[in-house]
Amino acid sequence: NAGVMQNPRHLVRRRGQEARLRCSPMKGHSHVYWYRQLPEEGLKFMVYLQKENIIDESGMPKERFSAEFPKEGPSILRIQQVVRGDSAAYFCASSPAGFREKLFFGSGTQLSVL
Amino acid sequence: AQSVTQLDSQVPVFEEAPVELRCNYSSSVSVYLFWYVQYPNQGLQLLLKYLSGSTLVKGINGFEAEFNKSQTSFHLRKPSVHISDTAEYFCAVTPIIQGAQKLVFGQGTRLTINP
């Protein structure tokens with residue numbers, strides 16, 4: 001039973017480019033969460049999605065960031081026109097039926113903006 | 001809103017010595033509490049959690065934590081550490097509110113085990 005799969009592990013982008021981060025939840029999990037970890041800081045909640053629905057995006061920056069979790073395929077976190085301050089580790093977690101006490105985290109995507 | 005404070009950013013310890021990683025939280029409502037471990041270049045792994053019941057919680061790898069409601073603390077302990085315990089440790093809380101889904105994390109404590 002594969003865990004939460006994130007790809008790519010490392011992503012390098014130049015300022016102004018777009019970054020797409022992918023997350024495949026654990027088998028049987030239909031709830032996905034995205035967290036961001038800035039250097040020397042803890043994880044900060046960004047968004048919570050169920051299949052085809054955004055449930056809570058209170059942690060998402062208002063501009064340039066979007067997330068989706070389509071009926072088929074992985075969840076995507078999209079960052080448009082990246083800036084250096086977007087450099088961080090982005091972690092995806094999944095849970096069964098929205099039980100936040102049963103979160104399983106992926107290994108993260110390290111985004112570096114040049 | 002909730003907040004979590006991990007009082008030590010770095011803790012160096014000798015192998016086989018005991019360790020305590022401190023965590024305090026602030027919340028106007030009851031919370032669930034968690035400790036996660038992050039090994040280098042890996043994602044977070046759940047060590048243990050407190051949902052209800054006994055305030056002393058035992059987790060994986062010999063770790064335990066005690067929930068103290070009056071002091072709003074959830075300190076993590078291990079009686080004898082091993083080199084393999086070198087990692088970053090995060091304390092987290094989530095409010096026990098219908099519909100609440102996000103975890104609030106502390107800044108992390110880097111545990112370094114020296115031989």
# chains A, B, ... in the order shown; residues from 1 in each chain; ligands from 1

$ select_by_dssp --residues "chain A" --states "strand (DSSP E or B)" --output "PDB file with C-alpha atoms, in the first residue's frame"
ATOM      1  CA  MET A   5       3.229  10.301  -3.293  1.00  0.00           C
ATOM      2  CA  GLN A   6       4.471  13.744  -4.190  1.00  0.00           C
ATOM      3  CA  ASN A   7       6.327  14.768  -7.294  1.00  0.00           C
ATOM      4  CA  HIS A  10      12.784  18.994  -6.185  1.00  0.00           C
ATOM      5  CA  LEU A  11      11.591  21.746  -8.497  1.00  0.00           C
ATOM      6  CA  VAL A  12      13.653  24.684  -9.668  1.00  0.00           C
ATOM      7  CA  ARG A  13      11.961  27.644 -11.253  1.00  0.00           C
ATOM      8  CA  ALA A  19       5.239  25.755 -10.558  1.00  0.00           C
ATOM      9  CA  ARG A  20       2.996  22.698 -10.500  1.00  0.00           C
ATOM     10  CA  LEU A  21       3.230  20.341  -7.557  1.00  0.00           C
ATOM     11  CA  ARG A  22       1.468  16.987  -7.609  1.00  0.00           C
ATOM     12  CA  CYS A  23       0.117  14.833  -4.823  1.00  0.00           C
ATOM     13  CA  SER A  24      -1.409  11.375  -5.039  1.00  0.00           C
ATOM     14  CA  HIS A  31      -9.203  14.125   1.480  1.00  0.00           C
ATOM     15  CA  VAL A  32      -6.040  16.077   0.738  1.00  0.00           C
ATOM     16  CA  TYR A  33      -4.280  18.847   2.637  1.00  0.00           C
ATOM     17  CA  TRP A  34      -1.424  21.071   1.515  1.00  0.00           C
ATOM     18  CA  TYR A  35       1.069  22.592   3.950  1.00  0.00           C
ATOM     19  CA  ARG A  36       4.049  24.856   3.354  1.00  0.00           C
ATOM     20  CA  GLN A  37       7.255  24.824   5.372  1.00  0.00           C
ATOM     21  CA  LEU A  43       4.395  23.778   8.675  1.00  0.00           C
ATOM     22  CA  LYS A  44       1.621  26.205   7.806  1.00  0.00           C
ATOM     23  CA  PHE A  45      -1.757  25.036   6.557  1.00  0.00           C
ATOM     24  CA  MET A  46      -2.648  26.152   3.059  1.00  0.00           C
ATOM     25  CA  VAL A  47      -5.702  24.318   1.757  1.00  0.00           C
ATOM     26  CA  TYR A  48      -7.976  21.337   2.355  1.00  0.00           C
ATOM     27  CA  LEU A  49      -9.694  19.586  -0.533  1.00  0.00           C
ATOM     28  CA  GLN A  50     -12.008  16.719  -1.168  1.00  0.00           C
ATOM     29  CA  ASN A  53     -14.170  20.501  -3.940  1.00  0.00           C
ATOM     30  CA  ILE A  54     -12.126  23.035  -2.032  1.00  0.00           C
ATOM     31  CA  ILE A  55     -13.313  22.856   1.555  1.00  0.00           C
ATOM     32  CA  ASP A  56     -10.984  25.301   3.313  1.00  0.00           C
ATOM     33  CA  PHE A  65      -1.798  30.223  -5.710  1.00  0.00           C
ATOM     34  CA  SER A  66      -4.486  27.706  -6.602  1.00  0.00           C
ATOM     35  CA  ALA A  67      -5.257  24.091  -5.817  1.00  0.00           C
ATOM     36  CA  GLU A  68      -7.428  21.416  -7.278  1.00  0.00           C
ATOM     37  CA  SER A  75      -4.175  16.911  -6.471  1.00  0.00           C
ATOM     38  CA  ILE A  76      -2.310  19.846  -7.984  1.00  0.00           C
ATOM     39  CA  LEU A  77      -0.940  22.900  -6.205  1.00  0.00           C
ATOM     40  CA  ARG A  78      -0.234  25.584  -8.775  1.00  0.00           C
ATOM     41  CA  ILE A  79       1.851  28.678  -8.188  1.00  0.00           C
ATOM     42  CA  ALA A  88       9.863  26.366   0.513  1.00  0.00           C
ATOM     43  CA  ALA A  89       9.026  22.740   1.087  1.00  0.00           C
ATOM     44  CA  TYR A  90       5.447  21.938   0.165  1.00  0.00           C
ATOM     45  CA  PHE A  91       3.921  18.946   1.883  1.00  0.00           C
ATOM     46  CA  CYS A  92       0.776  17.092   0.993  1.00  0.00           C
ATOM     47  CA  ALA A  93      -1.139  14.959   3.452  1.00  0.00           C
ATOM     48  CA  SER A  94      -4.143  12.726   3.028  1.00  0.00           C
ATOM     49  CA  SER A  95      -6.708  11.217   5.340  1.00  0.00           C
ATOM     50  CA  PHE A 104      -0.376  10.736   6.418  1.00  0.00           C
ATOM     51  CA  PHE A 105       2.239  13.041   4.932  1.00  0.00           C
ATOM     52  CA  THR A 109       8.399  18.970  -2.891  1.00  0.00           C
ATOM     53  CA  GLN A 110      11.269  21.371  -2.366  1.00  0.00           C
ATOM     54  CA  LEU A 111      10.642  24.415  -4.543  1.00  0.00           C
ATOM     55  CA  SER A 112      13.595  26.654  -5.256  1.00  0.00           C
ATOM     56  CA  VAL A 113      13.035  29.932  -7.078  1.00  0.00           C
TER      57      VAL A 113
END

$ interface_residues --of "chain B" --to "chain A" --cutoff "6 Å" --atoms "only C-alpha atoms" --output "mmCIF file with N, CA and C atoms, in the first residue's frame"
data_model
loop_
_atom_site.group_PDB
_atom_site.id
_atom_site.type_symbol
_atom_site.label_atom_id
_atom_site.label_comp_id
_atom_site.auth_asym_id
_atom_site.auth_seq_id
_atom_site.Cartn_x
_atom_site.Cartn_y
_atom_site.Cartn_z
ATOM 1 N N GLN B 42 12.754 13.804 4.459
ATOM 2 C CA GLN B 42 11.547 12.986 4.461
ATOM 3 C C GLN B 42 10.347 13.809 4.900
ATOM 4 N N GLY B 43 9.169 13.241 4.735
ATOM 5 C CA GLY B 43 7.959 13.878 5.219
ATOM 6 C C GLY B 43 7.774 13.639 6.695
ATOM 7 N N LEU B 44 6.681 14.142 7.217
ATOM 8 C CA LEU B 44 6.400 13.997 8.646
ATOM 9 C C LEU B 44 5.781 12.634 8.939
ATOM 10 N N GLN B 101 -10.340 21.488 10.344
ATOM 11 C CA GLN B 101 -9.523 20.480 9.693
ATOM 12 C C GLN B 101 -8.028 20.743 9.767
ATOM 13 N N PHE B 105 1.021 23.978 13.684
ATOM 14 C CA PHE B 105 2.303 23.416 14.091
ATOM 15 C C PHE B 105 3.161 24.429 14.840
ATOM 16 N N GLY B 106 3.998 23.899 15.720
ATOM 17 C CA GLY B 106 5.051 24.702 16.307
ATOM 18 C C GLY B 106 6.207 24.847 15.326
ATOM 19 N N GLN B 107 7.236 25.576 15.772
ATOM 20 C CA GLN B 107 8.347 25.898 14.886
ATOM 21 C C GLN B 107 9.313 24.731 14.716
ATOM 22 N N GLY B 108 9.183 23.749 15.551
ATOM 23 C CA GLY B 108 10.059 22.587 15.449
ATOM 24 C C GLY B 108 11.219 22.635 16.428
#

$ select_by_dssp --residues "chain B" --states "helix (DSSP H, G or I)" --output "list in words"
Ile60, Asn61, Gly62, Ile83, Ser84 and Asp85 of chain B

$ write_last_selection --atoms "N, CA, C and O atoms" --output "CSV table (one decimal), in the first residue's frame"
chain,number,residue,atom,x,y,z
B,60,ILE,N,5.5,5.7,19.1
B,60,ILE,CA,6.4,4.7,18.5
B,60,ILE,C,7.9,5.1,18.9
B,60,ILE,O,8.1,6.2,19.4
B,61,ASN,N,8.8,4.2,18.7
B,61,ASN,CA,10.2,4.4,19.0
B,61,ASN,C,10.5,4.8,20.4
B,61,ASN,O,11.5,5.4,20.7
B,62,GLY,N,9.7,4.3,21.3
B,62,GLY,CA,9.9,4.6,22.8
B,62,GLY,C,9.6,5.9,23.3
B,62,GLY,O,9.9,6.3,24.4
B,83,ILE,N,21.2,7.3,18.4
B,83,ILE,CA,21.6,8.1,17.3
B,83,ILE,C,20.5,8.3,16.2
B,83,ILE,O,20.4,9.4,15.6
B,84,SER,N,19.8,7.2,16.0
B,84,SER,CA,18.7,7.3,15.0
B,84,SER,C,17.6,8.2,15.3
B,84,SER,O,16.7,8.5,14.5
B,85,ASP,N,17.5,8.7,16.5
B,85,ASP,CA,16.5,9.7,16.9
B,85,ASP,C,16.8,11.1,16.4
B,85,ASP,O,16.0,12.0,16.6

$ closest_residue --among "B:Arg110, B:Lys102, B:Arg22, B:Lys78" --to "Gln2 of chain B" --atoms "only C-alpha atoms"
B:Lys102

$ atom_distance --atom1 "atom CA of Phe67 of chain B" --atom2 "atom CA of Leu46 of chain B"
16.4 Å
